$ cat start_27.cif   # mmCIF, C-alpha atoms and all ligand atoms
data_model
loop_
_atom_site.label_atom_id
_atom_site.label_comp_id
_atom_site.auth_asym_id
_atom_site.auth_seq_id
_atom_site.Cartn_x
_atom_site.Cartn_y
_atom_site.Cartn_z
CA MET A 1 -10.68 -22.02 -61.43
CA ALA A 2 -6.97 -21.53 -60.76
CA GLN A 3 -7.47 -17.80 -61.14
CA ARG A 4 -10.28 -17.82 -58.61
CA ILE A 5 -8.13 -19.61 -56.05
CA THR A 6 -5.40 -17.05 -56.64
CA ILE A 7 -7.82 -14.21 -55.98
CA GLN A 8 -9.05 -15.84 -52.81
CA LEU A 9 -5.48 -16.37 -51.71
CA LEU A 10 -4.70 -12.73 -52.39
CA LEU A 11 -7.75 -11.63 -50.43
CA LEU A 12 -6.68 -13.83 -47.54
CA LEU A 13 -3.17 -12.40 -47.62
CA ALA A 14 -4.50 -8.85 -47.80
CA TRP A 15 -6.60 -9.62 -44.72
CA VAL A 16 -3.55 -11.02 -42.90
CA ALA A 17 -1.64 -7.88 -43.82
CA ALA A 18 -4.48 -5.66 -42.57
CA VAL A 19 -4.78 -7.53 -39.27
CA GLY A 20 -0.99 -7.47 -38.88
CA GLY A 21 -1.02 -3.76 -39.55
CA ALA A 22 -3.84 -3.15 -37.05
CA ARG A 23 -2.02 -5.17 -34.42
CA THR A 24 1.13 -3.17 -35.10
CA LEU A 25 -0.85 0.01 -34.57
CA THR A 26 -2.31 -1.07 -31.23
CA VAL A 27 1.09 -2.17 -29.94
CA ARG A 28 2.52 1.16 -30.98
CA ALA A 29 -0.47 3.17 -29.78
CA ARG A 30 1.45 4.39 -26.74
CA THR A 31 3.66 6.84 -28.61
CA GLU A 32 3.82 9.16 -25.63
CA LEU A 33 6.45 7.75 -23.29
CA LEU A 34 7.22 10.92 -21.37
CA ASN A 35 5.10 12.59 -18.70
CA VAL A 36 2.29 10.01 -18.79
CA CYS A 37 0.12 8.05 -16.37
CA MET A 38 -0.65 4.38 -16.86
CA ASP A 39 -4.21 3.24 -17.37
CA ALA A 40 -4.60 1.31 -14.11
CA LYS A 41 -6.89 1.17 -11.08
CA HIS A 42 -6.28 4.52 -9.34
CA HIS A 43 -4.11 6.60 -11.66
CA LYS A 44 -5.21 10.01 -12.88
CA GLU A 45 -5.65 10.29 -16.62
CA LYS A 46 -2.86 12.84 -16.90
CA PRO A 47 -0.12 14.01 -14.55
CA GLY A 48 -0.34 17.41 -12.89
CA PRO A 49 0.41 19.32 -9.68
CA GLU A 50 -0.98 17.90 -6.41
CA ASP A 51 -0.10 20.29 -3.55
CA LYS A 52 -1.43 18.13 -0.77
CA LEU A 53 0.21 14.77 -1.38
CA HIS A 54 0.71 12.84 1.82
CA GLU A 55 4.06 12.26 3.60
CA GLN A 56 6.19 9.81 1.62
CA CYS A 57 4.40 10.65 -1.64
CA ARG A 58 5.24 14.37 -1.28
CA PRO A 59 8.31 14.22 -3.61
CA TRP A 60 5.85 13.94 -6.53
CA ARG A 61 3.67 16.92 -5.63
CA LYS A 62 4.87 19.17 -8.47
CA ASN A 63 3.75 16.60 -11.02
CA ALA A 64 1.89 13.42 -10.08
CA CYS A 65 -0.34 10.64 -11.41
CA CYS A 66 -1.86 10.11 -7.93
CA SER A 67 -4.55 12.09 -6.15
CA THR A 68 -4.27 13.29 -2.53
CA ASN A 69 -6.65 10.51 -1.55
CA THR A 70 -4.48 7.83 -3.19
CA SER A 71 -1.36 9.23 -1.48
CA GLN A 72 -3.11 9.05 1.92
CA GLU A 73 -4.36 5.54 1.30
CA ALA A 74 -0.83 4.47 0.24
CA HIS A 75 0.25 4.92 3.87
CA LYS A 76 -2.46 2.70 5.36
CA ASP A 77 -2.37 -0.98 6.02
CA VAL A 78 -5.16 -2.81 4.13
CA SER A 79 -6.11 0.46 2.39
CA TYR A 80 -9.02 0.78 0.01
CA LEU A 81 -6.50 0.84 -2.88
CA TYR A 82 -5.91 -2.93 -3.07
CA ASN A 83 -7.01 -4.30 0.35
CA PHE A 84 -3.47 -5.57 0.62
CA ASP A 85 -2.30 -6.57 4.09
CA TRP A 86 1.43 -5.96 4.71
CA ASN A 87 1.02 -7.77 8.05
CA HIS A 88 0.02 -11.14 6.57
CA CYS A 89 2.73 -12.87 8.68
CA GLY A 90 2.65 -10.75 11.81
CA GLU A 91 3.42 -7.06 11.94
CA MET A 92 5.85 -5.82 9.32
CA ALA A 93 8.73 -3.81 10.84
CA PRO A 94 8.27 -0.04 10.29
CA ALA A 95 11.71 0.17 8.60
CA CYS A 96 10.53 -2.41 6.05
CA ARG A 97 7.07 -0.96 5.67
CA ARG A 98 8.34 2.47 4.64
CA HIS A 99 9.86 0.86 1.52
CA PHE A 100 6.49 -0.65 0.60
CA ILE A 101 4.87 2.75 1.08
CA GLN A 102 7.55 4.33 -1.12
CA ASP A 103 7.08 1.59 -3.73
CA THR A 104 3.33 2.35 -3.72
CA CYS A 105 4.00 6.11 -4.04
CA LEU A 106 6.33 5.50 -7.01
CA TYR A 107 3.82 3.18 -8.69
CA GLU A 108 0.79 5.42 -8.14
CA CYS A 109 2.38 8.87 -8.49
CA SER A 110 5.28 8.71 -10.94
CA PRO A 111 4.72 10.27 -14.39
CA ASN A 112 8.12 8.90 -15.48
CA LEU A 113 7.40 5.20 -15.98
CA GLY A 114 6.17 5.55 -19.59
CA PRO A 115 9.05 3.64 -21.22
CA TRP A 116 8.09 0.53 -19.20
CA ILE A 117 4.30 0.61 -19.55
CA GLN A 118 2.79 -2.51 -21.14
CA GLN A 119 -0.79 -3.39 -21.96
CA VAL A 120 -2.27 -6.23 -19.91
CA ASP A 121 -5.47 -8.20 -19.93
CA GLN A 122 -6.35 -7.96 -16.24
CA SER A 123 -9.71 -7.23 -14.65
CA TRP A 124 -8.34 -4.45 -12.45
CA ARG A 125 -6.07 -2.61 -14.87
CA LYS A 126 -5.36 -2.19 -18.58
CA GLU A 127 -1.69 -1.35 -18.22
CA ARG A 128 1.22 -2.32 -15.98
CA VAL A 129 4.94 -1.61 -15.83
CA LEU A 130 7.53 -4.23 -16.71
CA ASP A 131 11.28 -4.25 -15.93
CA VAL A 132 11.55 -0.70 -14.50
CA PRO A 133 15.32 -0.33 -13.86
CA LEU A 134 15.29 0.33 -10.12
CA CYS A 135 18.52 1.84 -8.75
CA LYS A 136 20.72 -0.75 -7.09
CA GLU A 137 20.93 0.94 -3.68
CA ASP A 138 17.16 1.49 -3.45
CA CYS A 139 16.66 -2.25 -3.84
CA GLU A 140 19.50 -3.21 -1.48
CA GLN A 141 18.23 -0.94 1.30
CA TRP A 142 14.68 -2.30 0.89
CA TRP A 143 15.98 -5.88 1.20
CA LYS A 144 18.18 -5.07 4.25
CA ASP A 145 15.43 -3.21 6.08
CA CYS A 146 13.04 -6.15 5.64
CA SER A 147 15.44 -8.77 7.06
CA THR A 148 13.52 -8.98 10.35
CA SER A 149 10.05 -9.16 8.78
CA TYR A 150 8.12 -12.25 7.68
CA THR A 151 6.17 -13.36 4.64
CA CYS A 152 4.83 -16.57 3.09
CA LYS A 153 5.26 -15.94 -0.66
CA SER A 154 7.79 -14.61 -3.16
CA ASN A 155 5.23 -13.33 -5.72
CA TRP A 156 2.78 -10.98 -4.02
CA HIS A 157 0.63 -10.50 -7.12
CA LYS A 158 -0.70 -14.06 -7.30
CA GLY A 159 -1.83 -17.01 -5.25
CA TRP A 160 -3.29 -15.41 -2.10
CA ASN A 161 -6.44 -16.55 -0.36
CA TRP A 162 -8.75 -13.52 -0.76
CA THR A 163 -11.93 -15.08 0.70
CA SER A 164 -11.76 -12.83 3.78
CA GLY A 165 -11.50 -9.66 1.63
CA SER A 166 -7.78 -9.12 2.18
CA ASN A 167 -4.85 -11.35 1.29
CA LYS A 168 -4.15 -14.30 3.59
CA CYS A 169 -1.38 -16.86 3.15
CA PRO A 170 -2.64 -19.79 1.08
CA ALA A 171 -2.73 -23.26 2.65
CA GLY A 172 0.75 -24.75 2.81
CA ALA A 173 2.63 -21.44 2.51
CA ALA A 174 4.60 -21.03 5.74
CA CYS A 175 5.45 -17.69 7.30
CA LEU A 176 9.24 -17.47 7.20
CA SER A 177 11.79 -14.68 7.18
CA PHE A 178 11.87 -12.35 4.16
CA HIS A 179 15.33 -13.63 3.32
CA PHE A 180 14.03 -17.18 3.02
CA TYR A 181 11.63 -16.17 0.23
CA PHE A 182 13.97 -13.49 -1.14
CA PRO A 183 17.58 -14.71 -0.75
CA THR A 184 19.03 -11.64 -2.52
CA PRO A 185 17.93 -8.02 -3.13
CA THR A 186 17.34 -8.93 -6.80
CA ASP A 187 14.95 -11.72 -5.79
CA LEU A 188 12.92 -9.26 -3.76
CA CYS A 189 12.70 -6.39 -6.25
CA ASN A 190 12.27 -8.48 -9.41
CA GLU A 191 9.97 -11.21 -8.14
CA ILE A 192 7.64 -9.55 -5.64
CA TRP A 193 5.52 -7.72 -8.25
CA SER A 194 6.01 -10.15 -11.19
CA HIS A 195 8.97 -8.30 -12.74
CA SER A 196 7.58 -4.78 -12.49
CA TYR A 197 11.16 -3.98 -11.50
CA LYS A 198 14.41 -5.25 -12.94
CA VAL A 199 17.13 -4.15 -10.57
CA SER A 200 19.70 -2.02 -12.35
CA ASN A 201 23.48 -2.15 -11.98
CA TYR A 202 23.36 1.64 -12.20
CA ARG A 203 23.47 3.66 -9.02
CA ARG A 204 21.41 6.52 -7.66
CA GLY A 205 22.30 9.79 -9.38
CA SER A 206 23.55 8.04 -12.56
CA GLY A 207 20.59 9.23 -14.63
CA ARG A 208 20.23 5.63 -15.87
CA CYS A 209 18.05 4.08 -13.15
CA ILE A 210 14.74 4.94 -11.48
CA GLN A 211 14.94 6.21 -7.90
CA MET A 212 12.18 5.20 -5.52
CA TRP A 213 13.54 7.76 -3.05
CA PHE A 214 14.60 11.31 -4.00
CA ASP A 215 14.83 14.80 -2.60
CA PRO A 216 12.43 16.99 -4.62
CA ALA A 217 14.52 20.09 -3.80
CA GLN A 218 16.79 18.96 -6.65
CA GLY A 219 13.88 18.19 -8.97
CA ASN A 220 12.70 14.72 -9.95
CA PRO A 221 15.74 12.72 -11.14
CA ASN A 222 13.50 10.19 -12.90
CA GLU A 223 12.54 12.69 -15.62
CA GLU A 224 16.01 12.45 -17.15
CA VAL A 225 16.00 8.65 -16.78
CA ALA A 226 12.69 8.35 -18.67
CA ARG A 227 14.01 10.63 -21.44
CA PHE A 228 17.14 8.50 -21.80
CA TYR A 229 15.24 5.20 -22.10
CA ALA A 230 12.49 6.64 -24.30
CA ALA A 231 15.14 7.77 -26.79
CA ALA A 232 16.93 4.40 -26.63
CA MET A 233 13.67 2.51 -27.17
CA SER A 234 12.45 4.53 -30.17
CA GLY A 235 15.43 2.96 -32.00
CA ALA A 236 13.53 -0.37 -31.95
CA GLY A 237 10.84 1.10 -34.25
CA PRO A 238 11.50 -0.62 -37.63
CA TRP A 239 10.68 -4.10 -36.27
CA ALA A 240 7.12 -2.99 -35.66
CA ALA A 241 6.55 -2.93 -39.43
CA CYS A 242 7.47 -6.63 -39.80
CA PRO A 243 4.02 -8.25 -40.15
CA VAL A 244 3.06 -5.83 -42.94
CA LEU A 245 6.34 -6.23 -44.83
CA LEU A 246 6.17 -10.01 -44.54
CA SER A 247 2.62 -10.09 -45.96
CA LEU A 248 3.52 -7.74 -48.79
CA GLY A 249 6.53 -9.90 -49.58
CA LEU A 250 4.33 -13.01 -49.78
CA LEU A 251 1.85 -11.20 -52.03
CA TRP A 252 4.65 -10.21 -54.37
CA LEU A 253 6.08 -13.75 -54.47
CA LEU A 254 2.71 -15.23 -55.34
CA SER A 255 1.74 -12.69 -57.99
C1 LIG B 1 -10.48 7.91 -0.52
O1 LIG B 1 -11.58 7.64 -1.35
C2 LIG B 1 -12.28 6.43 -1.05
C3 LIG B 1 -13.33 6.21 -2.12
O2 LIG B 1 -14.07 7.36 -2.38
C4 LIG B 1 -12.86 6.51 0.36
O3 LIG B 1 -13.50 5.30 0.67
C5 LIG B 1 -11.70 6.76 1.34
O4 LIG B 1 -12.21 6.93 2.64
C6 LIG B 1 -10.90 8.00 0.92
N1 LIG B 1 -9.74 8.10 1.80
C7 LIG B 1 -9.37 9.22 2.41
C8 LIG B 1 -8.15 9.15 3.25
O5 LIG B 1 -9.99 10.28 2.29
C1 LIG B 2 -9.13 -19.37 2.73
O1 LIG B 2 -9.29 -18.81 4.00
C2 LIG B 2 -10.49 -19.17 4.64
C3 LIG B 2 -10.56 -18.40 5.96
O2 LIG B 2 -10.35 -17.03 5.74
C4 LIG B 2 -10.51 -20.66 4.86
O3 LIG B 2 -11.74 -21.05 5.45
C5 LIG B 2 -10.34 -21.38 3.52
O4 LIG B 2 -10.24 -22.77 3.73
C6 LIG B 2 -9.10 -20.87 2.82
N1 LIG B 2 -9.02 -21.45 1.48
C7 LIG B 2 -7.92 -22.03 1.00
C8 LIG B 2 -8.00 -22.55 -0.40
O5 LIG B 2 -6.87 -22.10 1.62
#

$ encode --input "start_27.cif" --output "structure tokens" --more "lines below"
Ligand SMILES: *[C@@H]1O[C@H](CO)[C@@H](O)[C@H](O)[C@H]1NC(C)=O
Ligand SMILES: *[C@@H]1O[C@H](CO)[C@@H](O)[C@H](O)[C@H]1NC(C)=O
Amino acid sequence: MAQRITIQLLLLLAWVAAVGGARTLTVRARTELLNVCMDAKHHKEKPGPEDKLHEQCRPWRKNACCSTNTSQEAHKDVSYLYNFDWNHCGEMAPACRRHFIQDTCLYECSPNLGPWIQQVDQSWRKERVLDVPLCKEDCEQWWKDCSTSYTCKSNWHKGWNWTSGSNKCPAGAACLSFHFYFPTPTDLCNEIWSHSYKVSNYRRGSGRCIQMWFDPAQGNPNEEVARFYAAAMSGAGPWAACPVLLSLGLLWLLS
């Protein structure tokens, strides 16, 4: 009897170990952190040249995760990409809008966001980015240029009224100046897309932060940044083996 219970216990523990191992494998499945596209709504499967990228998305034309069509749509208001209306509280100033276009180009086109890709359980995408270290000046300029525009929310991912097909301010959310909802540049860049960005203290050209804006004549500065963080992150590897080691340890203790 006692022996039988022990066997069942061992089987249970072996199962826990196997599940733990499988989970470890799925979490680690994204071993490629460099030169990759996320598995989201409009991204290409793999990055490659796109000669005809539109206007503000042109910096990525040598190697991009976006198609020409996506780059064109990124410049439209209420485009087919997400039906998102920048003018939900009156017309957004052009100086502000260009930052949202650039943000869309970076999100859709960049093959250098691999170190920050996370799996998500969302109907419209399987992966997202989290805590991309955006260069300090890129965030500050975005915030300054939007000072005369209006919005009604500080998280633009959630809580809109979509019944009309595009995003409208929900009941009770007043249209106020950008700086009311985003008192500092950090509030804007970190909160607007649910922490897709985490503003960096590093500056443009440091090789340690992602640039939303760059001159492609000097190459894409974000390649080096992705390499740096990919190398730093691979150092976190051993922890991934924890569930398996823990289960094996328990098995040994009980045997
Ligand atoms: C991009 O593709 C979508 C879907 O096929 C289409 O509805 C849209 O008109 C295209 N946009 C451009 C600018 O060609
Ligand atoms: C959503 O907007 C529609 C009009 O577009 C309105 O009739 C409805 O009451 C709104 N719903 C909420 C929950 O605010």

$ residues_near_ligand --input "start_27.cif" --ligand "ligand LIG 1 (chain B)" --cutoff "8 Å" --atoms "only C-alpha atoms and all ligand atoms" --output "ChimeraX atom specification"
/A:69-70,72-73,80

$ closest_atom_pairs --input "start_27.cif" --of "chain A" --to "ligand LIG 2 (chain B)" --cutoff "10 Å" --atoms "only C-alpha atoms and all ligand atoms" --output "tab-separated table"
residue	atom	partner	partner_atom	distance
A:Gly159	CA	B:LIG2	C8	9.6
A:Trp160	CA	B:LIG2	O5	8.5
A:Asn161	CA	B:LIG2	C1	5.0
A:Trp162	CA	B:LIG2	C1	6.8
A:Thr163	CA	B:LIG2	C1	5.5
A:Ser164	CA	B:LIG2	O2	4.8
A:Gly165	CA	B:LIG2	O2	8.5
A:Ser166	CA	B:LIG2	O2	9.0
A:Asn167	CA	B:LIG2	O2	9.1
A:Lys168	CA	B:LIG2	O1	6.9
A:Cys169	CA	B:LIG2	O5	7.7
A:Pro170	CA	B:LIG2	O5	4.8
A:Ala171	CA	B:LIG2	O5	4.4
A:Gly172	CA	B:LIG2	O5	8.2
A:Ala173	CA	B:LIG2	O5	9.6

$ closest_residue --input "start_27.cif" --among "A:Ser200, A:Arg208, A:Glu137, A:Thr148" --to "A:His179" --atoms "all atoms listed in the file"
A:Thr148

$ atom_distance --input "start_27.cif" --atom1 "atom CA of A:Trp156" --atom2 "atom CA of A:Leu188"
10.3 Å

$ closest_residue --input "start_27.cif" --among "A:Ser79, A:Ala174, A:Cys96, A:Cys135" --to "A:Pro221" --atoms "all atoms listed in the file"
A:Cys135

$ closest_residue --input "start_27.cif" --among "A:Leu134, A:Gln141, A:Phe180, A:Cys152" --to "A:Gly205" --atoms "all atoms listed in the file"
A:Leu134

$ closest_atom_pairs --input "start_27.cif" --of "stretch 101-126 of chain A" --to "stretch 29-49 of chain A" --cutoff "8 Å" --atoms "all atoms listed in the file" --output "CSV"
residue,atom,partner,partner_atom,distance
A:Glu108,CA,A:His43,CA,6.1
A:Cys109,CA,A:His43,CA,7.6
A:Ser110,CA,A:Cys37,CA,7.5
A:Pro111,CA,A:Asn35,CA,4.9
A:Asn112,CA,A:Asn35,CA,5.8
A:Leu113,CA,A:Val36,CA,7.6
A:Gly114,CA,A:Leu33,CA,4.3
A:Pro115,CA,A:Leu33,CA,5.3
A:Ile117,CA,A:Met38,CA,6.8
A:Trp124,CA,A:Lys41,CA,6.0
A:Arg125,CA,A:Ala40,CA,4.3
A:Lys126,CA,A:Asp39,CA,5.7

$ atom_distance --input "start_27.cif" --atom1 "atom CA of A:Ser154" --atom2 "atom CA of A:Glu55"
28.0 Å

$ closest_residue --input "start_27.cif" --among "A:Arg227, A:Arg203, A:His195, A:Lys76" --to "A:Gln118" --atoms "all atoms listed in the file"
A:His195

$ decode --input "start_27.cif" --residues "stretch 130-253 of chain A" --atoms "C-alpha atoms" --output "short mmCIF file (atom, residue, chain, number, x, y, z; two decimals), in the first residue's frame"
data_model
loop_
_atom_site.label_atom_id
_atom_site.label_comp_id
_atom_site.auth_asym_id
_atom_site.auth_seq_id
_atom_site.Cartn_x
_atom_site.Cartn_y
_atom_site.Cartn_z
CA LEU A 130 7.41 45.25 -23.35
CA ASP A 131 9.74 47.91 -21.88
CA VAL A 132 11.58 48.86 -25.09
CA PRO A 133 14.22 51.37 -23.86
CA LEU A 134 13.24 54.41 -25.90
CA CYS A 135 15.94 57.11 -26.11
CA LYS A 136 15.29 59.96 -23.70
CA GLU A 137 15.23 62.75 -26.31
CA ASP A 138 12.84 60.87 -28.62
CA CYS A 139 10.34 60.69 -25.76
CA GLU A 140 10.87 64.29 -24.63
CA GLN A 141 10.37 65.70 -28.12
CA TRP A 142 7.19 63.62 -28.58
CA TRP A 143 5.80 64.97 -25.29
CA LYS A 144 6.73 68.60 -26.11
CA ASP A 145 5.27 68.47 -29.61
CA CYS A 146 1.96 67.16 -28.26
CA SER A 147 1.52 69.91 -25.65
CA THR A 148 -1.15 71.68 -27.73
CA SER A 149 -3.13 68.53 -28.59
CA TYR A 150 -5.97 66.93 -26.66
CA THR A 151 -6.91 63.46 -25.48
CA CYS A 152 -9.26 61.79 -22.97
CA LYS A 153 -7.20 58.81 -21.75
CA SER A 154 -3.71 57.91 -20.58
CA ASN A 155 -3.79 54.26 -21.77
CA TRP A 156 -4.68 54.12 -25.45
CA HIS A 157 -4.77 50.32 -25.59
CA LYS A 158 -7.82 49.86 -23.36
CA GLY A 159 -11.17 51.30 -22.42
CA TRP A 160 -12.35 52.99 -25.64
CA ASN A 161 -15.90 52.90 -26.94
CA TRP A 162 -15.51 51.00 -30.24
CA THR A 163 -19.23 50.71 -31.12
CA SER A 164 -18.85 53.13 -34.05
CA GLY A 165 -15.94 51.12 -35.53
CA SER A 166 -13.21 53.50 -34.42
CA ASN A 167 -12.19 54.56 -30.92
CA LYS A 168 -14.35 57.19 -29.21
CA CYS A 169 -13.82 58.57 -25.72
CA PRO A 170 -15.74 56.50 -23.19
CA ALA A 171 -18.51 58.14 -21.15
CA GLY A 172 -17.03 60.30 -18.40
CA ALA A 173 -13.58 60.68 -19.98
CA ALA A 174 -13.13 64.40 -20.67
CA CYS A 175 -11.05 65.79 -23.52
CA LEU A 176 -8.22 67.70 -21.84
CA SER A 177 -4.71 68.73 -22.81
CA PHE A 178 -2.13 65.98 -23.37
CA HIS A 179 -0.18 67.25 -20.39
CA PHE A 180 -3.16 66.71 -18.11
CA TYR A 181 -3.20 62.98 -18.91
CA PHE A 182 0.57 62.77 -19.34
CA PRO A 183 2.22 65.16 -16.83
CA THR A 184 5.76 64.11 -17.83
CA PRO A 185 7.43 62.60 -20.93
CA THR A 186 7.79 59.31 -19.03
CA ASP A 187 4.04 59.20 -18.38
CA LEU A 188 3.39 59.55 -22.09
CA CYS A 189 5.90 57.03 -23.43
CA ASN A 190 5.47 54.37 -20.72
CA GLU A 191 1.71 54.52 -20.19
CA ILE A 192 0.19 55.19 -23.61
CA TRP A 193 0.78 51.68 -24.99
CA SER A 194 0.70 49.73 -21.67
CA HIS A 195 4.47 49.80 -21.09
CA SER A 196 5.56 48.88 -24.60
CA TYR A 197 8.21 51.53 -23.92
CA LYS A 198 10.23 52.20 -20.81
CA VAL A 199 11.95 55.51 -21.34
CA SER A 200 15.70 55.15 -21.06
CA ASN A 201 18.14 57.49 -19.33
CA TYR A 202 20.46 56.82 -22.25
CA ARG A 203 20.62 59.32 -25.07
CA ARG A 204 20.44 59.04 -28.83
CA GLY A 205 23.68 57.72 -30.27
CA SER A 206 24.65 55.91 -27.03
CA GLY A 207 24.05 52.46 -28.52
CA ARG A 208 22.05 51.63 -25.38
CA CYS A 209 18.57 52.92 -26.30
CA ILE A 210 16.18 52.46 -29.22
CA GLN A 211 15.79 55.44 -31.56
CA MET A 212 12.38 56.08 -33.04
CA TRP A 213 14.00 58.59 -35.40
CA PHE A 214 17.26 57.96 -37.28
CA ASP A 215 19.05 58.88 -40.47
CA PRO A 216 19.45 55.66 -42.50
CA ALA A 217 22.51 57.12 -44.27
CA GLN A 218 24.46 56.06 -41.17
CA GLY A 219 22.78 52.65 -41.00
CA ASN A 220 20.19 51.57 -38.45
CA PRO A 221 21.52 52.42 -34.96
CA ASN A 222 19.05 50.03 -33.33
CA GLU A 223 20.89 46.96 -34.65
CA GLU A 224 23.73 47.55 -32.20
CA VAL A 225 21.26 48.28 -29.37
CA ALA A 226 19.44 44.96 -29.95
CA ARG A 227 22.78 43.08 -29.99
CA PHE A 228 23.80 44.69 -26.69
CA TYR A 229 20.55 43.80 -24.89
CA ALA A 230 20.31 40.32 -26.43
CA ALA A 231 23.77 39.52 -25.05
CA ALA A 232 22.89 40.98 -21.64
CA MET A 233 19.65 39.00 -21.49
CA SER A 234 21.12 35.61 -22.42
CA GLY A 235 22.91 35.83 -19.05
CA ALA A 236 19.52 35.23 -17.37
CA GLY A 237 19.38 31.70 -18.86
CA PRO A 238 20.01 29.41 -15.83
CA TRP A 239 16.81 30.50 -14.05
CA ALA A 240 14.77 28.99 -16.86
CA ALA A 241 15.79 25.52 -15.65
CA CYS A 242 14.29 26.11 -12.17
CA PRO A 243 11.01 24.16 -12.39
CA VAL A 244 12.83 21.04 -13.61
CA LEU A 245 15.57 21.24 -10.98
CA LEU A 246 13.03 21.81 -8.23
CA SER A 247 11.01 18.74 -9.27
CA LEU A 248 14.11 16.58 -9.54
CA GLY A 249 15.19 17.77 -6.10
CA LEU A 250 11.81 16.77 -4.63
CA LEU A 251 12.00 13.36 -6.32
CA TRP A 252 15.43 12.78 -4.82
CA LEU A 253 14.30 13.85 -1.33
#
